[in-house]
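Engineer: Below is one structure. I have some questions about it.
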Amino acid sequence: MLFESPCLLREAVIKALDAREIPWRIVISSHSLSGIWAATEVGLGMTVRTPAGRPCFLTKLKQAFPRWVY
């Protein structure tokens with residue numbers, strides 16, 4: 001789940017996933033951060049954000065999937 005374009009994090013994560021040939025798809029694209037948080041909370045997918053304002057229910061990717069973090 002990502003912000004709609006243009007978004008620096010969106011472009012960076014797509015580039016990083018493609019470079020590592022990690023399969024991905026966007027399930028939700030939103031202009032609202034609260035919409036992304038809500039969709040993440042109910043388990044519709046993962047998102048990439050800075051730690052600022054991260055809700056307590058989200059898990060850091062590094063903790064959940066250490067083999068994916070480069």
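Ligands are numbered from 1 in the order shown, residues from 1 within each chain, and chains are lettered A, B, ... in the order they appear in the structure tokens.
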Using only C-alpha atoms, determine which residues lie at most 8 Å from segment 25-31 of chain A, disregarding the query and same-chain residues fewer than 2 positions distant; provide the list as a PyMOL selection string.
Structural biologist: chain A and resi 1-4+23+33+35-36+39+44-45
Engineer: Just N, CA and C atoms for this one: save the residues we selected as a compact mmCIF listing (two decimals), in the first residue's frame.
Structural biologist:
```txt
# COMPACT_ATOMS: atom_id res chain seq x y z
N MET A 1 0.84 -1.14 0.00
CA MET A 1 0.00 0.00 0.00
C MET A 1 0.89 1.22 0.00
N LEU A 2 0.66 2.07 -0.97
CA LEU A 2 1.52 3.22 -1.16
C LEU A 2 0.70 4.47 -1.43
N PHE A 3 1.35 5.61 -1.22
CA PHE A 3 0.72 6.86 -1.62
C PHE A 3 0.62 6.90 -3.15
N GLU A 4 -0.34 7.65 -3.63
CA GLU A 4 -0.45 7.85 -5.07
C GLU A 4 0.78 8.62 -5.56
N PRO A 23 9.03 -10.13 -6.15
CA PRO A 23 7.70 -9.92 -6.71
C PRO A 23 6.86 -9.02 -5.80
N LEU A 33 -2.78 9.14 4.34
CA LEU A 33 -1.98 8.30 5.21
C LEU A 33 -2.87 7.47 6.13
N GLY A 35 -5.71 6.26 5.45
CA GLY A 35 -6.22 5.16 4.64
C GLY A 35 -5.20 4.04 4.51
N ILE A 36 -3.93 4.41 4.34
CA ILE A 36 -2.86 3.41 4.26
C ILE A 36 -2.72 2.70 5.59
N ALA A 39 -5.71 0.24 6.04
CA ALA A 39 -5.59 -0.94 5.18
C ALA A 39 -4.50 -1.88 5.69
N LEU A 44 -4.35 -6.00 4.71
CA LEU A 44 -4.45 -6.05 3.25
C LEU A 44 -3.08 -6.06 2.56
N GLY A 45 -2.03 -5.78 3.30
CA GLY A 45 -0.69 -5.79 2.72
C GLY A 45 0.31 -5.08 3.59
```
Engineer: Between A:Ala12, A:Ile22, A:Leu58, A:Ala52, which has the minimum distance to Ala38 of chain A (counting only C-alpha atoms)?
Structural biologist: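 Among A:Ala12, A:Ile22, A:Leu58, A:Ala52, it is A:Leu58 that comes nearest to Ala38 of chain A.
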Engineer: Go through chain A and collect every residue that DSSP, computed from the backbone, puts in helix (DSSP H, G or I); the answer should be as a list in words.
Structural biologist: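 Across chain A, those assigned helix (DSSP H, G or I) are Leu8, Leu9, Arg10, Glu11, Ala12, Val13, Ile14, Lys15, Ala16, Leu17, Asp18, Ala19, Leu33, Ser34, Gly35, Ile36, Trp37, Ala38, Ala39, Thr40, Glu41, Leu61, Lys62, Gln63, Ala64, Pro66, Arg67 and Trp68 of chain A.
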Engineer: Could you work out how far atom CA of Thr47 of chain A lies from atom CA of Leu9 of chain A, giving the answer in Å with one decimal?
Structural biologist: 9.9 Å
Engineer: Enumerate, as a VMD selection string, the complete set of residues in chain A that a backbone-based DSSP assignment places in strand (DSSP E or B).
Structural biologist: chain A and resid 2 to 3 29 to 30
Engineer: Any idea what's packed within 10 Å of Trp24 of chain A, counting only C-alpha atoms, ignoring anything in its chain fewer than 4 positions away? Could you give it as number ranges by chain?
Structural biologist: A: 14, 17-18
Engineer: Using only C-alpha atoms, please write the residues we just selected to a file, as a PDB file, in the first residue's frame.
Structural biologist:
```pdb
ATOM      1  CA  ILE A  14       9.409   0.103  -6.395  1.00  0.00           C
ATOM      2  CA  LEU A  17      12.027  -4.301  -5.113  1.00  0.00           C
ATOM      3  CA  ASP A  18      12.596  -4.449  -8.860  1.00  0.00           C
TER       4      ASP A  18
END
```
